[in-house]
>>> print(open('my_file37.cif').read())   # mmCIF, C-alpha atoms
data_coords
#
loop_
_atom_site.group_PDB
_atom_site.id
_atom_site.type_symbol
_atom_site.label_atom_id
_atom_site.label_comp_id
_atom_site.auth_asym_id
_atom_site.auth_seq_id
_atom_site.Cartn_x
_atom_site.Cartn_y
_atom_site.Cartn_z
ATOM 1 C CA ASP A 1 129.450 78.119 110.288
ATOM 2 C CA GLU A 2 130.573 81.515 111.575
ATOM 3 C CA ILE A 3 128.039 83.280 109.356
ATOM 4 C CA VAL A 4 125.222 81.009 110.539
ATOM 5 C CA GLN A 5 126.190 81.660 114.159
ATOM 6 C CA SER A 6 126.300 85.425 113.593
ATOM 7 C CA TYR A 7 123.278 85.880 111.341
ATOM 8 C CA GLY A 8 121.279 82.645 111.356
ATOM 9 C CA SER A 9 120.591 80.274 108.487
ATOM 10 C CA ASP A 10 117.518 82.215 107.319
ATOM 11 C CA VAL A 11 119.564 85.349 106.679
ATOM 12 C CA LEU A 12 122.303 83.408 104.918
ATOM 13 C CA ARG A 13 119.865 81.498 102.719
ATOM 14 C CA MET A 14 117.925 84.610 101.770
ATOM 15 C CA TYR A 15 121.069 86.592 101.020
ATOM 16 C CA ILE A 16 122.323 83.881 98.660
ATOM 17 C CA LEU A 17 118.970 83.960 96.862
ATOM 18 C CA PHE A 18 118.983 87.764 96.804
ATOM 19 C CA MET A 19 122.453 88.136 95.334
ATOM 20 C CA GLY A 20 121.162 87.706 91.805
ATOM 21 C CA PRO A 21 119.852 85.197 89.276
ATOM 22 C CA PRO A 22 121.314 81.717 89.861
ATOM 23 C CA GLU A 23 123.002 81.691 86.448
ATOM 24 C CA LEU A 24 125.128 84.766 87.207
ATOM 25 C CA ASP A 25 128.305 85.071 89.258
ATOM 26 C CA CYS A 26 127.872 87.588 92.054
ATOM 27 C CA GLU A 27 130.316 89.218 94.454
ATOM 28 C CA TRP A 28 129.902 88.334 98.131
ATOM 29 C CA GLN A 29 129.397 91.349 100.395
ATOM 30 C CA ASP A 30 128.919 91.209 104.153
ATOM 31 C CA THR A 31 126.913 94.428 103.976
ATOM 32 C CA GLY A 32 124.319 92.464 102.014
ATOM 33 C CA LEU A 33 123.914 90.116 104.968
ATOM 34 C CA GLU A 34 123.296 93.093 107.225
ATOM 35 C CA GLY A 35 120.660 94.382 104.817
ATOM 36 C CA ILE A 36 118.782 91.087 104.783
ATOM 37 C CA LYS A 37 118.992 90.882 108.569
ATOM 38 C CA ARG A 38 117.491 94.375 108.913
ATOM 39 C CA PHE A 39 114.706 93.506 106.478
ATOM 40 C CA LEU A 40 113.722 90.337 108.353
ATOM 41 C CA ASN A 41 113.902 92.153 111.704
ATOM 42 C CA ARG A 42 111.610 94.914 110.410
ATOM 43 C CA LEU A 43 109.131 92.374 109.069
ATOM 44 C CA TRP A 44 109.171 90.400 112.330
ATOM 45 C CA THR A 45 108.740 93.552 114.434
ATOM 46 C CA HIS A 46 105.732 94.703 112.444
ATOM 47 C CA LEU A 47 103.937 91.365 112.198
ATOM 48 C CA SER A 48 104.549 90.386 115.823
ATOM 49 C CA ASN A 49 103.210 93.678 117.173
ATOM 50 C CA GLU A 50 99.779 92.907 118.622
ATOM 51 C CA GLU A 51 98.575 96.318 117.447
ATOM 52 C CA HIS A 52 98.982 95.112 113.872
ATOM 53 C CA ILE A 53 96.971 91.908 114.334
ATOM 54 C CA LEU A 54 93.203 91.942 113.987
ATOM 55 C CA ILE A 55 91.678 89.684 116.608
ATOM 56 C CA SER A 56 88.179 90.475 115.411
ATOM 57 C CA GLY A 57 86.637 92.624 112.723
ATOM 58 C CA GLN A 58 87.309 92.759 109.017
ATOM 59 C CA GLU A 59 90.588 93.642 107.429
ATOM 60 C CA ASP A 60 90.749 96.931 105.541
ATOM 61 C CA LEU A 61 90.223 96.393 101.803
ATOM 62 C CA GLN A 62 93.444 98.186 100.879
ATOM 63 C CA THR A 63 95.372 95.902 103.220
ATOM 64 C CA THR A 64 93.781 92.814 101.698
ATOM 65 C CA LYS A 65 94.633 94.066 98.217
ATOM 66 C CA ARG A 66 98.230 94.682 99.236
ATOM 67 C CA VAL A 67 98.545 91.124 100.538
ATOM 68 C CA HIS A 68 97.056 89.670 97.358
ATOM 69 C CA LYS A 69 99.402 91.794 95.269
ATOM 70 C CA LEU A 70 102.335 90.376 97.255
ATOM 71 C CA ILE A 71 101.129 86.811 96.688
ATOM 72 C CA LYS A 72 100.815 87.452 92.950
ATOM 73 C CA GLU A 73 104.184 89.158 92.548
ATOM 74 C CA PHE A 74 106.030 86.638 94.720
ATOM 75 C CA GLN A 75 104.514 83.630 92.971
ATOM 76 C CA GLU A 76 105.115 84.958 89.471
ATOM 77 C CA ARG A 77 108.735 85.857 90.175
ATOM 78 C CA VAL A 78 109.504 82.514 91.795
ATOM 79 C CA ASP A 79 107.881 80.754 88.832
ATOM 80 C CA ARG A 80 110.285 82.649 86.551
ATOM 81 C CA PHE A 81 113.217 81.472 88.705
ATOM 82 C CA LYS A 82 113.893 85.035 89.865
ATOM 83 C CA PRO A 83 114.166 84.623 93.654
ATOM 84 C CA ASN A 84 116.043 87.913 93.995
ATOM 85 C CA THR A 85 113.102 89.861 92.571
ATOM 86 C CA ALA A 86 110.671 87.819 94.663
ATOM 87 C CA ILE A 87 112.553 88.970 97.753
ATOM 88 C CA SER A 88 112.416 92.536 96.416
ATOM 89 C CA ALA A 89 108.624 92.210 96.259
ATOM 90 C CA PHE A 90 108.651 91.171 99.923
ATOM 91 C CA MET A 91 110.843 94.145 100.830
ATOM 92 C CA GLU A 92 108.497 96.548 99.046
ATOM 93 C CA PHE A 93 105.555 94.973 100.857
ATOM 94 C CA THR A 94 107.306 95.370 104.207
ATOM 95 C CA ASN A 95 108.047 99.026 103.492
ATOM 96 C CA ASP A 96 104.364 99.627 102.652
ATOM 97 C CA ALA A 97 103.163 97.734 105.731
ATOM 98 C CA ILE A 98 105.333 99.825 108.025
ATOM 99 C CA ALA A 99 104.732 103.165 106.311
ATOM 100 C CA GLN A 100 100.965 102.669 106.243
ATOM 101 C CA GLN A 101 100.813 100.841 109.590
ATOM 102 C CA LEU A 102 98.804 98.033 108.026
ATOM 103 C CA LYS A 103 96.835 95.745 110.329
ATOM 104 C CA PHE A 104 96.449 92.162 109.197
ATOM 105 C CA SER A 105 93.857 89.476 109.703
ATOM 106 C CA LYS A 106 95.063 86.061 110.831
ATOM 107 C CA ALA A 107 94.403 84.739 107.321
ATOM 108 C CA SER A 108 96.689 87.364 105.828
ATOM 109 C CA ILE A 109 99.401 86.702 108.404
ATOM 110 C CA GLU A 110 99.259 83.020 107.505
ATOM 111 C CA SER A 111 99.607 83.820 103.791
ATOM 112 C CA ILE A 112 102.584 86.098 104.435
ATOM 113 C CA ALA A 113 104.297 83.520 106.634
ATOM 114 C CA VAL A 114 103.774 80.685 104.137
ATOM 115 C CA LEU A 115 105.332 82.759 101.358
ATOM 116 C CA LEU A 116 108.221 83.622 103.637
ATOM 117 C CA SER A 117 108.754 79.969 104.540
ATOM 118 C CA THR A 118 110.204 79.262 101.099
ATOM 119 C CA MET A 119 113.216 81.443 101.894
ATOM 120 C CA ALA A 120 113.256 81.941 105.668
ATOM 121 C CA PRO A 121 111.619 78.770 107.023
ATOM 122 C CA HIS A 122 112.725 79.139 110.649
ATOM 123 C CA MET A 123 111.356 82.656 111.035
ATOM 124 C CA ALA A 124 108.155 81.767 109.169
ATOM 125 C CA SER A 125 107.554 78.719 111.372
ATOM 126 C CA GLU A 126 108.083 80.777 114.513
ATOM 127 C CA LEU A 127 105.697 83.468 113.299
ATOM 128 C CA LEU A 128 103.014 80.858 112.665
ATOM 129 C CA GLU A 129 103.489 79.202 116.037
ATOM 130 C CA VAL A 130 103.705 82.405 118.060
ATOM 131 C CA LEU A 131 100.935 84.356 116.334
ATOM 132 C CA LEU A 132 98.552 81.667 115.096
ATOM 133 C CA ASN A 133 99.488 78.553 117.079
ATOM 134 C CA LYS A 134 99.885 76.657 113.801
ATOM 135 C CA LYS A 135 102.594 74.617 112.140
ATOM 136 C CA ILE A 136 103.720 75.232 108.586
ATOM 137 C CA GLN A 137 102.570 71.762 107.480
ATOM 138 C CA GLU A 138 99.033 72.662 108.540
ATOM 139 C CA CYS A 139 98.920 75.588 106.112
ATOM 140 C CA ASN A 140 98.021 75.734 102.435
ATOM 141 C CA TRP A 141 99.860 77.660 99.774
ATOM 142 C CA PRO A 142 98.076 81.041 99.404
ATOM 143 C CA GLU A 143 96.219 81.944 96.229
ATOM 144 C CA PHE A 144 95.514 85.471 95.045
ATOM 145 C CA ASP A 145 92.292 86.950 93.751
ATOM 146 C CA ALA A 146 93.132 88.591 90.428
ATOM 147 C CA GLN A 147 90.489 91.268 90.973
ATOM 148 C CA LEU A 148 92.233 92.332 94.165
ATOM 149 C CA THR A 149 95.594 92.781 92.450
ATOM 150 C CA VAL A 150 94.507 95.414 89.941
ATOM 151 C CA ASP A 151 95.802 98.887 90.744
ATOM 152 C CA GLU A 152 93.090 101.531 90.878
ATOM 153 C CA THR A 153 95.436 104.500 90.937
ATOM 154 C CA LEU A 154 98.592 105.662 89.204
ATOM 155 C CA THR A 155 101.444 107.723 90.573
ATOM 156 C CA LEU A 156 102.475 110.474 88.172
ATOM 157 C CA SER A 157 105.343 112.921 88.353
ATOM 158 C CA VAL A 158 104.538 116.617 88.086
ATOM 159 C CA GLN A 159 107.167 118.854 86.517
ATOM 160 C CA VAL A 160 107.503 122.581 85.992
ATOM 161 C CA ASN A 161 109.818 123.419 83.115
ATOM 162 C CA ALA A 162 111.021 119.809 83.150
ATOM 163 C CA LYS A 163 112.014 119.942 86.848
ATOM 164 C CA LEU A 164 110.328 117.456 89.164
ATOM 165 C CA ARG A 165 108.247 119.302 91.724
ATOM 166 C CA ALA A 166 105.747 116.744 93.030
ATOM 167 C CA THR A 167 104.063 113.407 92.534
ATOM 168 C CA ILE A 168 100.336 112.731 92.537
ATOM 169 C CA ASP A 169 98.122 109.678 92.768
ATOM 170 C CA VAL A 170 95.195 109.697 90.368
ATOM 171 C CA PRO A 171 92.537 107.142 89.401
ATOM 172 C CA ILE A 172 93.539 105.064 86.404
ATOM 173 C CA ALA A 173 90.383 106.157 84.595
ATOM 174 C CA ALA A 174 90.974 109.878 85.237
ATOM 175 C CA SER A 175 90.720 112.144 82.205
ATOM 176 C CA GLN A 176 93.540 114.432 81.134
ATOM 177 C CA GLN A 177 91.591 117.396 82.449
ATOM 178 C CA GLU A 178 91.196 115.767 85.867
ATOM 179 C CA VAL A 179 94.891 114.848 85.960
ATOM 180 C CA GLU A 180 95.964 118.389 85.043
ATOM 181 C CA GLN A 181 93.696 119.852 87.708
ATOM 182 C CA SER A 182 95.207 117.594 90.364
ATOM 183 C CA ALA A 183 98.712 118.362 89.102
ATOM 184 C CA ARG A 184 98.112 122.118 89.284
ATOM 185 C CA GLY A 185 97.070 121.776 92.895
ATOM 186 C CA ALA A 186 100.262 119.920 93.712
ATOM 187 C CA VAL A 187 102.595 122.589 92.273
ATOM 188 C CA THR A 188 100.645 125.749 93.043
ATOM 189 C CA LYS A 189 103.599 127.627 94.506
ATOM 190 C CA TRP A 190 105.695 127.038 91.379
ATOM 191 C CA LEU A 191 102.907 128.373 89.167
ATOM 192 C CA GLU A 192 102.390 131.624 91.062
ATOM 193 C CA ASP A 193 103.075 134.695 88.943
ATOM 194 C CA LYS A 194 103.704 132.415 85.976
ATOM 195 C CA GLU A 195 102.004 132.091 82.631
ATOM 196 C CA ILE A 196 101.450 128.527 81.505
ATOM 197 C CA LYS A 197 102.472 128.359 77.865
ATOM 198 C CA ARG A 198 101.984 124.648 77.386
ATOM 199 C CA VAL A 199 101.089 121.485 79.262
ATOM 200 C CA ILE A 200 102.816 118.264 78.236
ATOM 201 C CA TYR A 201 100.887 115.241 79.394
ATOM 202 C CA VAL A 202 102.320 111.736 79.051
ATOM 203 C CA PRO A 203 99.533 109.334 80.111
ATOM 204 C CA GLY A 204 100.514 107.136 83.003
ATOM 205 C CA ARG A 205 103.808 108.927 83.539
ATOM 206 C CA THR A 206 104.010 112.688 83.916
ATOM 207 C CA VAL A 207 102.545 116.166 83.608
ATOM 208 C CA ASN A 208 104.950 118.953 82.671
ATOM 209 C CA PHE A 209 103.932 122.612 82.897
ATOM 210 C CA ILE A 210 105.964 124.881 80.614
ATOM 211 C CA VAL A 211 105.818 128.358 82.153
ATOM 212 C CA ILE A 212 107.290 131.839 81.775
ATOM 213 C CA ASP A 213 107.252 134.848 84.068
ATOM 214 C CA GLN A 214 104.202 137.006 83.668
ATOM 215 C CA ALA A 215 104.860 140.345 82.024
#
>>> encode(input="my_file37.cif", output="structure tokens")
Amino acid sequence: DEIVQSYGSDVLRMYILFMGPPELDCEWQDTGLEGIKRFLNRLWTHLSNEEHILISGQEDLQTTKRVHKLIKEFQERVDRFKPNTAISAFMEFTNDAIAQQLKFSKASIESIAVLLSTMAPHMASELLEVLLNKKIQECNWPEFDAQLTVDETLTLSVQVNAKLRATIDVPIAASQQEVEQSARGAVTKWLEDKEIKRVIYVPGRTVNFIVIDQA
């Protein structure tokens, strides 16, 4: 009762689900409650900000794709009885939404709130009522478009003599030559006055420039 009074039932419920797979024994930590509370507060703050709600006009394609990716990841992880990883997917989504200042259509807000309702029903219901004037029972479970969940880019690490110097985003279909060119641009200052002896390219993972000082 004290925890519910201090944090609310949504935070308590989500923390229990986040502690780990149901079949494992996990150690209770009050700091975990604080972490869940901060996450839900950040999500509420972003979604409830009128600057992040599209009253009219079309949602940016990248935003739509990010929402559909969340729906896919959340659904698949819940189906595998991994609620802790489903919550992790929501946390990653929230981080992206805030970092990229994503603006959502009302349809996307509804999808996000319905997903959230499985673990934080009180907050989800309030979001729906405040932002969309709807009740949770009036909403349908969201479905994702598989074509909108496919990543078009990859993030690769760029190393110089096996030391991480940068990361780059490249199209999935980029050739090795195109990847190396982009990687060179990202680590220009570490290649100055150096002779490149070898380039180690691991597709989908990293580019490593092996260099020596020029004579």
>>> closest_residue(input="my_file37.cif", among="A:Ser56, A:Thr188, A:Thr94, A:Ser88", to="Val160 of chain A", atoms="all atoms listed in the file")
A:Thr188
>>> resolve_selection(input="my_file37.cif", expression="the PyMOL selection byres ((chain A and resi 30) around 12)", output="list in words")
Ile3, Ser6, Tyr7, Val11, Leu12, Tyr15, Ile16, Met19, Glu27, Trp28, Gln29, Thr31, Gly32, Leu33, Glu34, Gly35, Ile36 and Lys37 of chain A
>>> resolve_selection(input="my_file37.cif", expression="the PyMOL selection byres ((chain A and resi 62-71) around 9)", output="number ranges by chain")
A: 59-61, 72-76, 89-90, 92-93, 96-97, 102-105, 108, 111-112, 115, 142-151
>>> resolve_selection(input="my_file37.cif", expression="the PyMOL selection byres ((chain A and resi 198) around 8)", output="list in words")
Ile196, Lys197, Val199, Ile200, Phe209, Ile210 and Val211 of chain A
>>> residues_near_point(input="my_file37.cif", point="(108.7, 78.2, 109.8)", cutoff="12 Å", atoms="only C-alpha atoms", output="JSON, numbers by chain")
{"A": [10, 110, 112, 113, 114, 115, 116, 117, 118, 119, 120, 121, 122, 123, 124, 125, 126, 127, 128, 129, 130, 131, 132, 133, 134, 135, 136, 137, 138, 139]}
>>> residues_around(input="my_file37.cif", residues="Val187 of chain A", least_positions_apart="4", cutoff="12 Å", atoms="only C-alpha atoms", output="short mmCIF file (atom, residue, chain, number, x, y, z; two decimals) with C-alpha atoms, in the coordinates of the input")
data_model
loop_
_atom_site.label_atom_id
_atom_site.label_comp_id
_atom_site.auth_asym_id
_atom_site.auth_seq_id
_atom_site.Cartn_x
_atom_site.Cartn_y
_atom_site.Cartn_z
CA SER A 157 105.34 112.92 88.35
CA VAL A 158 104.54 116.62 88.09
CA GLN A 159 107.17 118.85 86.52
CA VAL A 160 107.50 122.58 85.99
CA ASN A 161 109.82 123.42 83.12
CA LYS A 163 112.01 119.94 86.85
CA LEU A 164 110.33 117.46 89.16
CA ARG A 165 108.25 119.30 91.72
CA ALA A 166 105.75 116.74 93.03
CA THR A 167 104.06 113.41 92.53
CA ILE A 168 100.34 112.73 92.54
CA GLU A 180 95.96 118.39 85.04
CA GLN A 181 93.70 119.85 87.71
CA SER A 182 95.21 117.59 90.36
CA ALA A 183 98.71 118.36 89.10
CA LEU A 191 102.91 128.37 89.17
CA GLU A 192 102.39 131.62 91.06
CA LYS A 194 103.70 132.42 85.98
CA VAL A 207 102.54 116.17 83.61
CA ASN A 208 104.95 118.95 82.67
CA PHE A 209 103.93 122.61 82.90
#
>>> atom_distance(input="my_file37.cif", atom1="atom CA of His52 of chain A", atom2="atom CA of Pro171 of chain A")
28.0 Å
>>> atom_distance(input="my_file37.cif", atom1="atom CA of Gln58 of chain A", atom2="atom CA of Ile87 of chain A")
27.9 Å
>>> atom_distance(input="my_file37.cif", atom1="atom CA of Leu156 of chain A", atom2="atom CA of Val202 of chain A")
9.2 Å
>>> closest_residue(input="my_file37.cif", among="A:Ala173, A:Trp190, A:Gly20, A:Arg205", to="Asn84 of chain A", atoms="only C-alpha atoms")
A:Gly20
